[in-house]
Amino acid sequence: MTVVVRRSALKMWLMAMGGLPLLIISLDVLTERRITRWLTDIIFTPENVQIFEPRDVIFAWAMFLFSAFLVSWGLKELFIPTKVVECTQEGLALRINGPFRRPSLIPWENIRDVGGADIEDDGDVIPLLVLTVFDRAGLPENPWGARWVQERELGVLAADWSEDPQAVAGSIADYAVDAVKRGKRETTAKLWQAPR
């Protein structure tokens, strides 16, 4: 049994598609200006036509860079999704160290409880995977994509996951029990195989 949680492919695709209009408009402003000229002809009368200023070009470059990043990242996550949560024999690997960094590995012995919850943030309900740990050592003080809900309670944001955090918590708990059983079997087997 393996437990791996990735970001939702549909949400990543929608994010990439959301960046396309920004990319098209910024490219239009930086090149021929066909779309923007057509829009200005519709909106303004010929005597009140707005001219493009250098700040418009600067804004178009900023919008182009942002939208290109948004589209590329959304497509990358669509085709090669990142493992946000992964259960291994050693412990639970979470992507909470930030982009381009290795995931944090929380040993099974350090996990006290795991569950799903919802938190309200400015009127929005955000699903969380809540981990209660015995010790915060080795975990980031300001985690990426997660928050310390209490002193030893880490809430991992699950809004863009493909699975429900409550179901993921159940799978993690089952995997943890199996991992501990496998570890005990291996230790017992090593004791019996040790030379006397």
# chains A, B, ... in the order shown; residues from 1 in each chain; ligands from 1

call {"tool": "closest_atom_pairs", "arguments": {"of": "region 54-123 of chain A", "to": "region 141-163 of chain A", "cutoff": "10 Å", "atoms": "only C-alpha atoms", "output": "tab-separated table"}}
result
residue	atom	partner	partner_atom	distance
A:Val84	CA	A:Trp161	CA	8.3
A:Val85	CA	A:Val156	CA	9.6
A:Leu94	CA	A:Val156	CA	8.7
A:Arg95	CA	A:Trp144	CA	7.6
A:Ile96	CA	A:Trp144	CA	4.5
A:Asn97	CA	A:Trp144	CA	5.6
A:Gly98	CA	A:Trp144	CA	5.1
A:Pro99	CA	A:Trp144	CA	8.2
A:Ser104	CA	A:Pro143	CA	9.8
A:Ile111	CA	A:Arg152	CA	10.0
A:Arg112	CA	A:Arg152	CA	9.6
A:Asp113	CA	A:Glu153	CA	9.1
A:Val114	CA	A:Glu153	CA	9.4
A:Gly115	CA	A:Gly155	CA	9.5
A:Gly116	CA	A:Gly155	CA	8.8
A:Ala117	CA	A:Gly155	CA	8.5
A:Asp118	CA	A:Leu157	CA	9.4
A:Ile119	CA	A:Gly155	CA	9.2

call {"tool": "write_last_selection", "arguments": {"atoms": "all heavy atoms", "output": "short mmCIF file (atom, residue, chain, number, x, y, z; two decimals), in the first residue's frame"}}
result
data_model
loop_
_atom_site.label_atom_id
_atom_site.label_comp_id
_atom_site.auth_asym_id
_atom_site.auth_seq_id
_atom_site.Cartn_x
_atom_site.Cartn_y
_atom_site.Cartn_z
N VAL A 84 2.74 16.12 -2.80
CA VAL A 84 2.59 17.03 -1.67
C VAL A 84 2.74 16.26 -0.37
O VAL A 84 3.35 16.73 0.58
CB VAL A 84 1.22 17.74 -1.74
CG1 VAL A 84 1.07 18.72 -0.60
CG2 VAL A 84 1.05 18.43 -3.06
N VAL A 85 2.19 15.05 -0.33
CA VAL A 85 2.27 14.17 0.83
C VAL A 85 2.66 12.80 0.33
O VAL A 85 2.10 12.31 -0.66
CB VAL A 85 0.91 14.08 1.57
CG1 VAL A 85 0.97 13.09 2.72
CG2 VAL A 85 0.46 15.43 2.06
N LEU A 94 6.40 15.62 3.76
CA LEU A 94 5.50 16.73 3.43
C LEU A 94 6.27 17.81 2.69
O LEU A 94 7.38 18.16 3.07
CB LEU A 94 4.92 17.35 4.71
CG LEU A 94 4.02 16.48 5.56
CD1 LEU A 94 3.66 17.23 6.84
CD2 LEU A 94 2.76 16.12 4.81
N ARG A 95 5.65 18.39 1.67
CA ARG A 95 6.23 19.51 0.92
C ARG A 95 5.94 20.81 1.65
O ARG A 95 5.05 21.55 1.27
CB ARG A 95 5.56 19.59 -0.40
CG ARG A 95 6.13 19.20 -1.64
CD ARG A 95 7.42 19.67 -2.08
NE ARG A 95 7.88 18.61 -2.95
CZ ARG A 95 9.07 18.53 -3.41
NH1 ARG A 95 9.95 19.43 -3.09
NH2 ARG A 95 9.42 17.56 -4.18
N ILE A 96 6.68 21.10 2.73
CA ILE A 96 6.43 22.32 3.51
C ILE A 96 7.68 23.18 3.67
O ILE A 96 7.68 24.13 4.44
CB ILE A 96 5.85 21.97 4.90
CG1 ILE A 96 6.77 21.03 5.66
CG2 ILE A 96 4.45 21.42 4.78
CD1 ILE A 96 6.35 20.79 7.09
N ASN A 97 8.74 22.84 2.93
CA ASN A 97 9.98 23.62 3.02
C ASN A 97 10.08 24.72 1.98
O ASN A 97 11.01 25.50 2.00
CB ASN A 97 11.20 22.71 2.89
CG ASN A 97 11.42 21.89 4.14
OD1 ASN A 97 11.07 22.31 5.24
ND2 ASN A 97 11.98 20.71 3.98
N GLY A 98 9.16 24.77 1.04
CA GLY A 98 9.21 25.77 0.00
C GLY A 98 9.54 25.15 -1.35
O GLY A 98 9.91 23.99 -1.43
N PRO A 99 9.40 25.95 -2.40
CA PRO A 99 9.68 25.42 -3.74
C PRO A 99 11.16 25.10 -3.92
O PRO A 99 12.02 25.74 -3.32
CB PRO A 99 9.24 26.54 -4.67
CG PRO A 99 9.16 27.76 -3.83
CD PRO A 99 8.98 27.34 -2.41
N SER A 104 10.02 17.77 3.94
CA SER A 104 10.33 17.47 5.34
C SER A 104 9.86 16.05 5.63
O SER A 104 8.74 15.68 5.29
CB SER A 104 9.60 18.42 6.28
OG SER A 104 10.14 19.70 6.20
N ILE A 111 4.93 11.38 15.16
CA ILE A 111 3.54 11.75 14.85
C ILE A 111 2.63 11.18 15.92
O ILE A 111 2.56 9.97 16.11
CB ILE A 111 3.13 11.25 13.45
CG1 ILE A 111 4.02 11.90 12.38
CG2 ILE A 111 1.66 11.56 13.19
CD1 ILE A 111 3.78 11.40 10.99
N ARG A 112 1.94 12.08 16.57
CA ARG A 112 1.01 11.67 17.64
C ARG A 112 -0.38 11.38 17.08
O ARG A 112 -1.03 10.42 17.47
CB ARG A 112 0.92 12.76 18.69
CG ARG A 112 0.03 12.45 19.83
CD ARG A 112 0.08 13.54 20.86
NE ARG A 112 -0.95 13.33 21.85
CZ ARG A 112 -1.38 14.25 22.66
NH1 ARG A 112 -0.88 15.46 22.62
NH2 ARG A 112 -2.31 13.98 23.53
N ASP A 113 -0.85 12.23 16.17
CA ASP A 113 -2.19 12.07 15.61
C ASP A 113 -2.24 12.73 14.24
O ASP A 113 -1.47 13.64 13.94
CB ASP A 113 -3.22 12.72 16.55
CG ASP A 113 -4.65 12.34 16.19
OD1 ASP A 113 -4.84 11.32 15.50
OD2 ASP A 113 -5.58 13.07 16.58
N VAL A 114 -3.16 12.27 13.41
CA VAL A 114 -3.36 12.85 12.09
C VAL A 114 -4.87 12.87 11.81
O VAL A 114 -5.57 11.94 12.17
CB VAL A 114 -2.58 12.08 10.99
CG1 VAL A 114 -3.03 10.64 10.90
CG2 VAL A 114 -2.69 12.76 9.65
N GLY A 115 -5.34 13.96 11.24
CA GLY A 115 -6.77 14.07 10.96
C GLY A 115 -7.03 15.18 9.96
O GLY A 115 -6.14 15.92 9.57
N GLY A 116 -8.26 15.30 9.57
CA GLY A 116 -8.67 16.36 8.65
C GLY A 116 -9.50 17.39 9.40
O GLY A 116 -10.16 17.07 10.39
N ALA A 117 -9.47 18.62 8.95
CA ALA A 117 -10.24 19.68 9.59
C ALA A 117 -10.48 20.79 8.57
O ALA A 117 -9.92 20.79 7.47
CB ALA A 117 -9.50 20.23 10.80
N ASP A 118 -11.32 21.72 8.94
CA ASP A 118 -11.57 22.91 8.13
C ASP A 118 -11.26 24.12 8.98
O ASP A 118 -11.51 24.13 10.18
CB ASP A 118 -13.04 22.98 7.68
CG ASP A 118 -13.39 21.90 6.69
OD1 ASP A 118 -12.51 21.55 5.88
OD2 ASP A 118 -14.53 21.42 6.70
N ILE A 119 -10.70 25.15 8.35
CA ILE A 119 -10.40 26.39 9.06
C ILE A 119 -11.04 27.53 8.28
O ILE A 119 -11.10 27.48 7.05
CB ILE A 119 -8.87 26.59 9.22
CG1 ILE A 119 -8.58 27.72 10.18
CG2 ILE A 119 -8.21 26.81 7.89
CD1 ILE A 119 -7.13 27.80 10.60
#

call {"tool": "closest_residue", "arguments": {"among": "A:Gly74, A:Pro165, A:Gly91, A:Pro103", "to": "Pro127 (chain A)", "atoms": "only C-alpha atoms"}}
result
A:Pro165

call {"tool": "closest_residue", "arguments": {"among": "A:Pro54, A:Pro107, A:Pro81, A:Gly123", "to": "Asp135 (chain A)", "atoms": "only C-alpha atoms"}}
result
A:Pro107

call {"tool": "closest_residue", "arguments": {"among": "A:Leu30, A:Leu128, A:Ile172, A:Leu75", "to": "Leu10 (chain A)", "atoms": "only C-alpha atoms"}}
result
A:Leu75

call {"tool": "closest_residue", "arguments": {"among": "A:Leu23, A:Leu105, A:Val57, A:Met15", "to": "Glu86 (chain A)", "atoms": "only C-alpha atoms"}}
result
A:Leu105

call {"tool": "residues_around", "arguments": {"residues": "Glu53 (chain A)", "least_positions_apart": "6", "cutoff": "12 Å", "atoms": "only C-alpha atoms", "output": "MDAnalysis selection string"}}
result
chainID A and resid 29:30 59:60

call {"tool": "write_last_selection", "arguments": {"atoms": "N, CA and C atoms", "output": "compact mmCIF listing (two decimals), in the first residue's frame"}}
result
# COMPACT_ATOMS: atom_id res chain seq x y z
N VAL A 29 0.18 43.96 -26.25
CA VAL A 29 0.67 45.30 -25.93
C VAL A 29 2.15 45.42 -26.31
N LEU A 30 2.91 44.35 -26.14
CA LEU A 30 4.35 44.40 -26.44
C LEU A 30 4.66 44.27 -27.93
N PHE A 59 4.30 47.77 -17.45
CA PHE A 59 3.23 46.95 -16.87
C PHE A 59 3.00 45.70 -17.72
N ALA A 60 3.06 45.84 -19.05
CA ALA A 60 2.86 44.69 -19.94
C ALA A 60 3.97 43.66 -19.75

call {"tool": "atom_distance", "arguments": {"atom1": "CA of Val71 (chain A)", "atom2": "CA of Glu120 (chain A)"}}
result
28.8 Å

call {"tool": "select_by_dssp", "arguments": {"residues": "region 4-128 of chain A", "states": "alpha helix (DSSP H)", "output": "number ranges by chain"}}
result
A: 9-30, 34-43, 54-79

call {"tool": "select_by_dssp", "arguments": {"residues": "region 148-181 of chain A", "states": "strand (DSSP E or B)", "output": "ChimeraX atom specification"}}
result
/A:148-150,153-157,161

call {"tool": "write_last_selection", "arguments": {"atoms": "C-alpha atoms", "output": "short mmCIF file (atom, residue, chain, number, x, y, z; two decimals), in the first residue's frame"}}
result
data_model
loop_
_atom_site.label_atom_id
_atom_site.label_comp_id
_atom_site.auth_asym_id
_atom_site.auth_seq_id
_atom_site.Cartn_x
_atom_site.Cartn_y
_atom_site.Cartn_z
CA TRP A 148 1.23 25.94 12.96
CA VAL A 149 -2.33 25.86 14.28
CA GLN A 150 -1.17 25.25 17.86
CA GLU A 153 -0.27 21.01 15.63
CA LEU A 154 0.61 21.53 11.99
CA GLY A 155 -2.19 22.30 9.53
CA VAL A 156 -1.25 21.55 5.91
CA LEU A 157 -3.41 23.47 3.42
CA TRP A 161 -5.39 18.57 -3.46
#

call {"tool": "atom_distance", "arguments": {"atom1": "CA of Phe64 (chain A)", "atom2": "CA of Ile25 (chain A)"}}
result
8.4 Å

call {"tool": "atom_distance", "arguments": {"atom1": "CA of Thr2 (chain A)", "atom2": "CA of Lys76 (chain A)"}}
result
23.2 Å

call {"tool": "residues_around", "arguments": {"residues": "Ile106 (chain A)", "least_positions_apart": "3", "cutoff": "7 Å", "atoms": "only C-alpha atoms", "output": "list in words"}}
result
Gly91, Leu92, Ala93 and Asn110 of chain A

call {"tool": "closest_residue", "arguments": {"among": "A:Asp56, A:Glu90, A:Asp41, A:Asp28", "to": "Val180 (chain A)", "atoms": "only C-alpha atoms"}}
result
A:Glu90
